[in-house]
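Coordinates as given in model-v5.txt (compact mmCIF, N, CA and C atoms and all ligand atoms):
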```txt
# COMPACT_ATOMS: atom_id res chain seq x y z
N MET M 23 68.76 -207.45 174.90
CA MET M 23 68.34 -208.83 174.61
C MET M 23 69.00 -209.80 175.58
N LEU M 24 70.33 -209.76 175.59
CA LEU M 24 71.10 -210.64 176.44
C LEU M 24 70.77 -210.41 177.92
N LEU M 25 70.81 -209.16 178.33
CA LEU M 25 70.55 -208.84 179.72
C LEU M 25 69.09 -209.08 180.08
N GLU M 26 68.21 -208.86 179.10
CA GLU M 26 66.79 -209.11 179.33
C GLU M 26 66.53 -210.58 179.65
N ILE M 27 67.20 -211.45 178.89
CA ILE M 27 67.01 -212.89 179.10
C ILE M 27 67.47 -213.28 180.51
N LEU M 28 68.61 -212.77 180.92
CA LEU M 28 69.12 -213.10 182.24
C LEU M 28 68.18 -212.56 183.32
N LYS M 29 67.70 -211.35 183.10
CA LYS M 29 66.83 -210.71 184.09
C LYS M 29 65.50 -211.45 184.19
N LYS M 30 64.97 -211.80 183.03
CA LYS M 30 63.69 -212.50 182.99
C LYS M 30 63.77 -213.82 183.77
N ASN M 31 64.92 -214.43 183.75
CA ASN M 31 65.10 -215.71 184.43
C ASN M 31 65.70 -215.57 185.82
N GLN M 32 65.72 -214.35 186.31
CA GLN M 32 66.24 -214.07 187.64
C GLN M 32 67.66 -214.62 187.85
N LEU M 33 68.47 -214.44 186.82
CA LEU M 33 69.86 -214.85 186.92
C LEU M 33 70.71 -213.60 187.08
N SER M 34 71.63 -213.65 188.01
CA SER M 34 72.52 -212.50 188.13
C SER M 34 73.46 -212.48 186.93
N VAL M 35 73.91 -211.29 186.59
CA VAL M 35 74.76 -211.15 185.41
C VAL M 35 76.20 -211.44 185.78
N THR M 36 76.75 -212.51 185.21
CA THR M 36 78.16 -212.80 185.41
C THR M 36 78.83 -212.79 184.04
N GLU M 37 80.13 -212.65 184.05
CA GLU M 37 80.86 -212.62 182.78
C GLU M 37 80.63 -213.91 182.00
N GLY M 38 80.65 -215.04 182.69
CA GLY M 38 80.47 -216.33 182.05
C GLY M 38 79.11 -216.44 181.39
N ARG M 39 78.06 -216.07 182.11
CA ARG M 39 76.71 -216.15 181.54
C ARG M 39 76.56 -215.21 180.35
N LYS M 40 77.12 -214.02 180.48
CA LYS M 40 77.03 -213.04 179.39
C LYS M 40 77.70 -213.57 178.14
N LYS M 41 78.91 -214.07 178.32
CA LYS M 41 79.72 -214.54 177.20
C LYS M 41 79.07 -215.74 176.50
N ILE M 42 78.60 -216.69 177.29
CA ILE M 42 78.03 -217.90 176.70
C ILE M 42 76.70 -217.62 176.03
N LEU M 43 75.88 -216.79 176.66
CA LEU M 43 74.60 -216.44 176.05
C LEU M 43 74.82 -215.67 174.75
N GLU M 44 75.84 -214.83 174.75
CA GLU M 44 76.18 -214.07 173.55
C GLU M 44 76.52 -215.01 172.39
N LEU M 45 77.25 -216.08 172.69
CA LEU M 45 77.60 -217.06 171.65
C LEU M 45 76.34 -217.66 171.04
N PHE M 46 75.37 -217.99 171.89
CA PHE M 46 74.13 -218.57 171.39
C PHE M 46 73.34 -217.57 170.56
N LEU M 47 73.29 -216.33 171.01
CA LEU M 47 72.53 -215.32 170.29
C LEU M 47 73.15 -215.04 168.92
N LYS M 48 74.48 -215.19 168.84
CA LYS M 48 75.17 -214.90 167.58
C LYS M 48 75.12 -216.05 166.59
N SER M 49 75.01 -217.29 167.11
CA SER M 49 75.09 -218.44 166.21
C SER M 49 73.73 -218.74 165.59
N GLU M 50 73.75 -219.20 164.35
CA GLU M 50 72.51 -219.52 163.66
C GLU M 50 72.01 -220.91 164.05
N GLY M 51 72.92 -221.84 164.16
CA GLY M 51 72.53 -223.21 164.47
C GLY M 51 72.88 -223.58 165.89
N ALA M 52 73.08 -224.85 166.10
CA ALA M 52 73.38 -225.35 167.43
C ALA M 52 74.87 -225.22 167.73
N LEU M 53 75.20 -225.21 168.99
CA LEU M 53 76.59 -225.14 169.41
C LEU M 53 76.97 -226.41 170.16
N ALA M 54 78.15 -226.92 169.84
CA ALA M 54 78.64 -228.09 170.56
C ALA M 54 79.33 -227.62 171.83
N HIS M 55 79.28 -228.47 172.83
CA HIS M 55 79.95 -228.17 174.09
C HIS M 55 81.41 -227.77 173.84
N ALA M 56 82.05 -228.51 172.93
CA ALA M 56 83.45 -228.23 172.62
C ALA M 56 83.64 -226.83 172.00
N ASP M 57 82.70 -226.43 171.14
CA ASP M 57 82.77 -225.09 170.54
C ASP M 57 82.70 -224.01 171.61
N ILE M 58 81.79 -224.23 172.53
CA ILE M 58 81.60 -223.25 173.58
C ILE M 58 82.87 -223.13 174.42
N GLU M 59 83.44 -224.28 174.74
CA GLU M 59 84.68 -224.26 175.52
C GLU M 59 85.80 -223.58 174.77
N LYS M 60 85.85 -223.84 173.47
CA LYS M 60 86.90 -223.25 172.65
C LYS M 60 86.78 -221.73 172.64
N ASN M 61 85.54 -221.27 172.59
CA ASN M 61 85.29 -219.83 172.52
C ASN M 61 85.43 -219.10 173.86
N THR M 62 85.39 -219.86 174.93
CA THR M 62 85.44 -219.21 176.23
C THR M 62 86.67 -219.65 177.01
N GLY M 63 87.37 -220.60 176.46
CA GLY M 63 88.49 -221.26 177.13
C GLY M 63 89.48 -220.34 177.80
N GLU M 64 89.76 -219.23 177.16
CA GLU M 64 90.73 -218.29 177.71
C GLU M 64 90.23 -217.67 179.02
N SER M 65 88.95 -217.37 179.05
CA SER M 65 88.45 -216.60 180.18
C SER M 65 87.80 -217.42 181.30
N PHE M 66 87.29 -218.61 180.97
CA PHE M 66 86.59 -219.38 182.01
C PHE M 66 87.06 -220.82 182.03
N ASP M 67 86.99 -221.44 183.20
CA ASP M 67 87.38 -222.85 183.26
C ASP M 67 86.20 -223.72 182.87
N ARG M 68 86.49 -224.98 182.69
CA ARG M 68 85.49 -225.94 182.22
C ARG M 68 84.29 -226.04 183.14
N VAL M 69 84.56 -225.98 184.42
CA VAL M 69 83.48 -226.13 185.40
C VAL M 69 82.48 -224.99 185.27
N THR M 70 83.01 -223.78 185.07
CA THR M 70 82.14 -222.62 184.91
C THR M 70 81.28 -222.78 183.66
N VAL M 71 81.90 -223.22 182.57
CA VAL M 71 81.16 -223.42 181.32
C VAL M 71 80.08 -224.47 181.53
N TYR M 72 80.46 -225.57 182.12
CA TYR M 72 79.53 -226.67 182.35
C TYR M 72 78.35 -226.22 183.22
N ARG M 73 78.64 -225.54 184.30
CA ARG M 73 77.60 -225.09 185.22
C ARG M 73 76.68 -224.07 184.57
N THR M 74 77.27 -223.18 183.79
CA THR M 74 76.47 -222.16 183.12
C THR M 74 75.49 -222.80 182.14
N LEU M 75 75.97 -223.77 181.38
CA LEU M 75 75.10 -224.46 180.42
C LEU M 75 73.98 -225.18 181.15
N GLN M 76 74.34 -225.83 182.25
CA GLN M 76 73.34 -226.55 183.03
C GLN M 76 72.27 -225.59 183.57
N THR M 77 72.70 -224.44 184.03
CA THR M 77 71.75 -223.44 184.53
C THR M 77 70.82 -222.98 183.42
N PHE M 78 71.38 -222.74 182.24
CA PHE M 78 70.57 -222.29 181.11
C PHE M 78 69.54 -223.36 180.71
N VAL M 79 69.95 -224.63 180.76
CA VAL M 79 69.01 -225.71 180.44
C VAL M 79 67.90 -225.75 181.49
N ASP M 80 68.28 -225.67 182.75
CA ASP M 80 67.29 -225.69 183.85
C ASP M 80 66.29 -224.56 183.72
N LYS M 81 66.77 -223.41 183.29
CA LYS M 81 65.92 -222.22 183.22
C LYS M 81 65.07 -222.15 181.96
N GLY M 82 65.31 -223.09 181.05
CA GLY M 82 64.52 -223.06 179.81
C GLY M 82 65.03 -222.06 178.80
N ILE M 83 66.33 -221.76 178.86
CA ILE M 83 66.91 -220.81 177.90
C ILE M 83 67.50 -221.56 176.69
N ILE M 84 68.14 -222.70 176.97
CA ILE M 84 68.69 -223.53 175.88
C ILE M 84 68.19 -224.97 176.06
N HIS M 85 68.25 -225.76 174.98
CA HIS M 85 67.88 -227.17 175.07
C HIS M 85 68.94 -228.06 174.44
N HIS M 86 68.95 -229.32 174.90
CA HIS M 86 69.86 -230.32 174.35
C HIS M 86 69.36 -230.76 172.98
N ILE M 87 70.27 -231.16 172.14
CA ILE M 87 69.90 -231.73 170.85
C ILE M 87 70.55 -233.11 170.76
N PRO M 88 69.76 -234.11 170.39
CA PRO M 88 70.33 -235.46 170.28
C PRO M 88 71.31 -235.55 169.12
N THR M 89 72.38 -236.30 169.29
CA THR M 89 73.33 -236.51 168.20
C THR M 89 73.64 -238.00 168.10
N THR M 90 74.09 -238.41 166.93
CA THR M 90 74.36 -239.83 166.74
C THR M 90 75.69 -240.23 167.36
N ASP M 91 76.60 -239.28 167.51
CA ASP M 91 77.92 -239.64 168.05
C ASP M 91 78.06 -239.31 169.54
N ASN M 92 76.91 -239.06 170.19
CA ASN M 92 76.91 -238.79 171.62
C ASN M 92 77.62 -237.51 172.04
N SER M 93 77.93 -236.64 171.09
CA SER M 93 78.46 -235.35 171.49
C SER M 93 77.27 -234.52 171.97
N ILE M 94 77.54 -233.50 172.74
CA ILE M 94 76.43 -232.71 173.28
C ILE M 94 76.29 -231.42 172.51
N LEU M 95 75.08 -231.21 172.01
CA LEU M 95 74.78 -229.97 171.30
C LEU M 95 73.69 -229.23 172.04
N TYR M 96 73.76 -227.90 171.99
CA TYR M 96 72.73 -227.07 172.60
C TYR M 96 72.28 -226.02 171.60
N ALA M 97 71.03 -225.62 171.72
CA ALA M 97 70.53 -224.50 170.93
C ALA M 97 69.61 -223.66 171.79
N LEU M 98 69.49 -222.42 171.41
CA LEU M 98 68.62 -221.49 172.11
C LEU M 98 67.17 -221.94 171.97
N CYS M 99 66.40 -221.82 173.00
CA CYS M 99 64.98 -222.16 172.93
C CYS M 99 64.23 -220.97 172.36
N LYS M 100 63.34 -221.25 171.42
CA LYS M 100 62.54 -220.16 170.89
C LYS M 100 61.08 -220.30 171.30
N ASP M 101 60.71 -221.52 171.66
CA ASP M 101 59.35 -221.72 172.17
C ASP M 101 59.28 -221.07 173.55
N ASN M 102 58.11 -221.16 174.15
CA ASN M 102 57.97 -220.56 175.48
C ASN M 102 58.42 -221.51 176.57
N CYS M 103 59.69 -221.80 176.58
CA CYS M 103 60.22 -222.69 177.60
C CYS M 103 60.33 -221.95 178.91
N GLU M 104 60.08 -222.68 179.99
CA GLU M 104 60.16 -222.06 181.31
C GLU M 104 61.10 -222.88 182.16
N GLU M 105 61.30 -222.39 183.37
CA GLU M 105 62.15 -223.10 184.30
C GLU M 105 61.59 -224.51 184.54
N GLY M 106 62.42 -225.52 184.31
CA GLY M 106 62.04 -226.90 184.56
C GLY M 106 61.02 -227.45 183.59
N HIS M 107 60.68 -226.70 182.57
CA HIS M 107 59.67 -227.18 181.64
C HIS M 107 59.94 -226.71 180.22
N HIS M 108 60.40 -227.63 179.39
CA HIS M 108 60.71 -227.29 178.00
C HIS M 108 59.58 -227.70 177.07
N HIS M 109 59.41 -226.99 175.99
CA HIS M 109 58.41 -227.34 174.98
C HIS M 109 59.07 -227.53 173.62
N ASP M 110 60.30 -227.99 173.62
CA ASP M 110 61.03 -228.10 172.35
C ASP M 110 60.76 -229.43 171.66
N ASN M 111 59.53 -229.69 171.30
CA ASN M 111 59.23 -230.96 170.64
C ASN M 111 59.32 -230.80 169.13
N HIS M 112 60.35 -230.05 168.68
CA HIS M 112 60.53 -229.87 167.25
C HIS M 112 61.61 -230.81 166.71
N VAL M 113 61.56 -230.98 165.41
CA VAL M 113 62.52 -231.83 164.71
C VAL M 113 63.82 -231.06 164.51
N HIS M 114 64.94 -231.76 164.59
CA HIS M 114 66.24 -231.15 164.31
C HIS M 114 66.77 -231.67 162.98
N PHE M 115 67.45 -230.80 162.28
CA PHE M 115 67.98 -231.15 160.96
C PHE M 115 69.50 -231.04 160.98
N VAL M 116 70.17 -232.06 160.52
CA VAL M 116 71.63 -232.02 160.45
C VAL M 116 72.04 -232.01 158.98
N CYS M 117 72.76 -230.98 158.57
CA CYS M 117 73.22 -230.89 157.18
C CYS M 117 74.47 -231.74 157.02
N GLU M 118 74.43 -232.63 156.04
CA GLU M 118 75.57 -233.53 155.82
C GLU M 118 76.76 -232.82 155.19
N LYS M 119 76.52 -231.64 154.66
CA LYS M 119 77.59 -230.92 153.99
C LYS M 119 78.30 -229.94 154.93
N CYS M 120 77.54 -229.02 155.53
CA CYS M 120 78.19 -228.05 156.40
C CYS M 120 78.15 -228.49 157.87
N LEU M 121 77.48 -229.62 158.13
CA LEU M 121 77.42 -230.22 159.46
C LEU M 121 76.72 -229.36 160.51
N LYS M 122 75.98 -228.36 160.04
CA LYS M 122 75.23 -227.52 160.97
C LYS M 122 73.99 -228.28 161.46
N THR M 123 73.66 -228.08 162.73
CA THR M 123 72.41 -228.63 163.25
C THR M 123 71.44 -227.48 163.43
N ILE M 124 70.26 -227.64 162.86
CA ILE M 124 69.30 -226.55 162.84
C ILE M 124 68.01 -226.96 163.55
N CYS M 125 67.45 -226.07 164.35
CA CYS M 125 66.17 -226.31 165.00
C CYS M 125 65.06 -226.00 164.00
N LEU M 126 64.22 -226.98 163.70
CA LEU M 126 63.05 -226.71 162.85
C LEU M 126 61.87 -226.44 163.76
N GLU M 127 61.80 -225.21 164.23
CA GLU M 127 60.82 -224.84 165.25
C GLU M 127 59.38 -225.17 164.85
N GLU M 128 59.12 -225.08 163.55
CA GLU M 128 57.73 -225.24 163.10
C GLU M 128 57.37 -226.69 162.78
N VAL M 129 58.35 -227.58 162.83
CA VAL M 129 58.07 -229.00 162.55
C VAL M 129 58.06 -229.79 163.86
N THR M 130 56.90 -230.29 164.21
CA THR M 130 56.74 -231.00 165.48
C THR M 130 57.06 -232.48 165.32
N VAL M 131 57.68 -233.05 166.33
CA VAL M 131 57.96 -234.49 166.33
C VAL M 131 56.62 -235.23 166.33
N PRO M 132 56.40 -236.12 165.35
CA PRO M 132 55.11 -236.81 165.29
C PRO M 132 54.91 -237.78 166.45
N LYS M 133 53.64 -237.96 166.79
CA LYS M 133 53.31 -238.92 167.86
C LYS M 133 53.54 -240.34 167.33
N VAL M 134 54.13 -241.19 168.16
CA VAL M 134 54.40 -242.56 167.76
C VAL M 134 53.43 -243.48 168.49
N LYS M 135 52.85 -244.42 167.75
CA LYS M 135 51.92 -245.35 168.39
C LYS M 135 52.73 -246.43 169.07
N LEU M 136 52.57 -246.54 170.38
CA LEU M 136 53.33 -247.52 171.15
C LEU M 136 52.47 -248.72 171.51
N PRO M 137 53.12 -249.85 171.81
CA PRO M 137 52.34 -251.02 172.25
C PRO M 137 51.56 -250.70 173.53
N ASP M 138 50.47 -251.43 173.78
CA ASP M 138 49.67 -251.22 174.98
C ASP M 138 50.53 -251.28 176.23
N GLY M 139 50.27 -250.39 177.13
CA GLY M 139 50.98 -250.41 178.40
C GLY M 139 52.29 -249.65 178.39
N PHE M 140 52.71 -249.15 177.24
CA PHE M 140 53.94 -248.38 177.17
C PHE M 140 53.61 -246.90 177.39
N ILE M 141 54.40 -246.26 178.20
CA ILE M 141 54.15 -244.84 178.46
C ILE M 141 55.32 -244.01 177.93
N PRO M 142 55.06 -243.15 176.96
CA PRO M 142 56.16 -242.34 176.42
C PRO M 142 56.56 -241.25 177.40
N ASN M 143 57.81 -240.97 177.44
CA ASN M 143 58.29 -239.92 178.31
C ASN M 143 58.83 -238.78 177.47
N HIS M 144 59.67 -239.12 176.53
CA HIS M 144 60.32 -238.11 175.72
C HIS M 144 60.65 -238.71 174.37
N SER M 145 60.40 -238.02 173.29
CA SER M 145 60.84 -238.52 172.00
C SER M 145 61.49 -237.39 171.22
N GLU M 146 62.46 -237.75 170.44
CA GLU M 146 63.14 -236.74 169.65
C GLU M 146 63.40 -237.27 168.26
N MET M 147 63.59 -236.35 167.34
CA MET M 147 63.75 -236.77 165.96
C MET M 147 64.79 -235.90 165.26
N VAL M 148 65.70 -236.56 164.55
CA VAL M 148 66.72 -235.85 163.79
C VAL M 148 66.63 -236.27 162.34
N VAL M 149 66.60 -235.30 161.45
CA VAL M 149 66.58 -235.58 160.02
C VAL M 149 67.93 -235.17 159.44
N ASN M 150 68.55 -236.05 158.68
CA ASN M 150 69.82 -235.73 158.01
C ASN M 150 69.54 -235.37 156.56
N GLY M 151 70.33 -234.47 156.02
CA GLY M 151 70.15 -234.11 154.62
C GLY M 151 71.00 -232.91 154.25
N ILE M 152 70.56 -232.17 153.26
CA ILE M 152 71.30 -231.01 152.77
C ILE M 152 70.47 -229.76 153.08
N CYS M 153 71.07 -228.78 153.73
CA CYS M 153 70.33 -227.58 154.12
C CYS M 153 70.19 -226.61 152.95
N GLY M 154 69.35 -225.61 153.12
CA GLY M 154 69.06 -224.65 152.07
C GLY M 154 70.30 -223.92 151.55
N ASP M 155 71.26 -223.65 152.44
CA ASP M 155 72.48 -222.94 152.04
C ASP M 155 73.41 -223.80 151.21
N CYS M 156 73.37 -225.11 151.41
CA CYS M 156 74.32 -226.01 150.73
C CYS M 156 73.75 -226.62 149.47
N LYS M 157 72.49 -226.42 149.22
CA LYS M 157 71.83 -227.07 148.10
C LYS M 157 72.47 -226.69 146.76
ZN ZN A 201 63.38 -225.38 175.62
ZN ZN A 202 74.47 -227.04 154.99
ZN ZN A 203 66.02 -227.29 168.83
```
Written as structure tokens, how would this file's structure read?
Ligand SMILES: [Zn+2]
Ligand SMILES: [Zn+2]
Ligand SMILES: [Zn+2]
Amino acid sequence: MLLEILKKNQLSVTEGRKKILELFLKSEGALAHADIEKNTGESFDRVTVYRTLQTFVDKGIIHHIPTTDNSILYALCKDNCEEGHHHDNHVHFVCEKCLKTICLEEVTVPKVKLPDGFIPNHSEMVVNGICGDCK
């Protein structure tokens, strides 16, 4: 799985890429930049972590998730994202109890009616509430 993803995206296998991708494959929800650094801190420097995440975003392997506190969250892409082209127009859910951020792959961000002459580029939506596990 892990090696297949790297191969499919024509990425050479490095320890950093393997380790970081493994974290995403193992986690159920989204990962914060800080979590990733904490988990890899011993073996890789910040620049390696940062570059690896950027490469994964460019390749369509992971996507950014908007947050209210400007922290950076990433999650694995499950749609057919490609290099330079993401299709993650799904809603994200943040649980107020366990603080997990979850990708709602099947819930699409609704189209918003804009004033005449406005051109939308990107829209995202986050719903806060209580997740199924915390109910
Ligand atoms: Zn994506
Ligand atoms: Zn929860
Ligand atoms: Zn997502």
Report the closest atom pair, with its distance in Å rounded to one decimal, for each residue of chain M that has an atom no farther than 6.5 Å from ligand ZN 203 (chain A); count only N, CA and C atoms and all ligand atoms, sort by chain and then rising residue number, and write it as a tab-separated table.
```
residue	atom	partner	partner_atom	distance
M:His85	C	A:ZN203	ZN	6.4
M:His86	C	A:ZN203	ZN	6.4
M:Ile87	CA	A:ZN203	ZN	6.2
M:Ala97	CA	A:ZN203	ZN	5.7
M:Leu98	C	A:ZN203	ZN	6.3
M:Asp110	CA	A:ZN203	ZN	6.2
M:His112	C	A:ZN203	ZN	6.0
M:Val113	C	A:ZN203	ZN	6.1
M:His114	CA	A:ZN203	ZN	5.9
M:Ile124	C	A:ZN203	ZN	5.7
M:Cys125	CA	A:ZN203	ZN	4.0
M:Leu126	N	A:ZN203	ZN	5.4
```
Original post:
Residues at most 8 Å from Lys119 (chain M), counting all atoms listed in the file, excluding those fewer than 6 positions away in the same chain, as a VMD selection string?
Top reply: chain M and resid 151 to 153 156
**OP:** Kindly give the distance, in Å, that separates atom N of Val148 (chain M) and atom N of Lys41 (chain M), rounded to a single decimal.
**Re:** 29.5 Å
Subject >> Residues flagged helix (DSSP H, G or I) by DSSP in region 69-142 of chain M, as a list in words >> reply: Val69, Thr70, Val71, Tyr72, Arg73, Thr74, Leu75, Gln76, Thr77, Phe78, Val79, Asp80 and Lys81 of chain M
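Among all protein and nucleic acid residues, the ones that lie within 12 Å of ligand ZN 202 (chain A) when counting only C-alpha atoms and all ligand atoms are M:Glu50, M:Gly51, M:Phe115, M:Val116, M:Cys117, M:Glu118, M:Lys119, M:Cys120, M:Leu121, M:Lys122, M:Thr123, M:Ile124, M:Asn150, M:Gly151, M:Ile152, M:Cys153, M:Gly154, M:Asp155, M:Cys156, M:Lys157.
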**OP:** For Leu75 (chain M), please output as a list in words all residues within 8 Å (counting all atoms listed in the file; exclusion window: fewer than 3 positions along the same chain).
**Re:**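 These residues fall inside the cut-off: Gly38, Arg39, Ile42, Val69, Thr70, Val71, Tyr72, Phe78, Val79, Asp80, Lys81 and Ile84 of chain M.
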Original post:
Counting only N, CA and C atoms and all ligand atoms, which of M:Thr36, M:Thr74, M:Asn102, M:Thr130 gets nearest to ligand ZN 201 (chain A)?
Top reply: M:Asn102
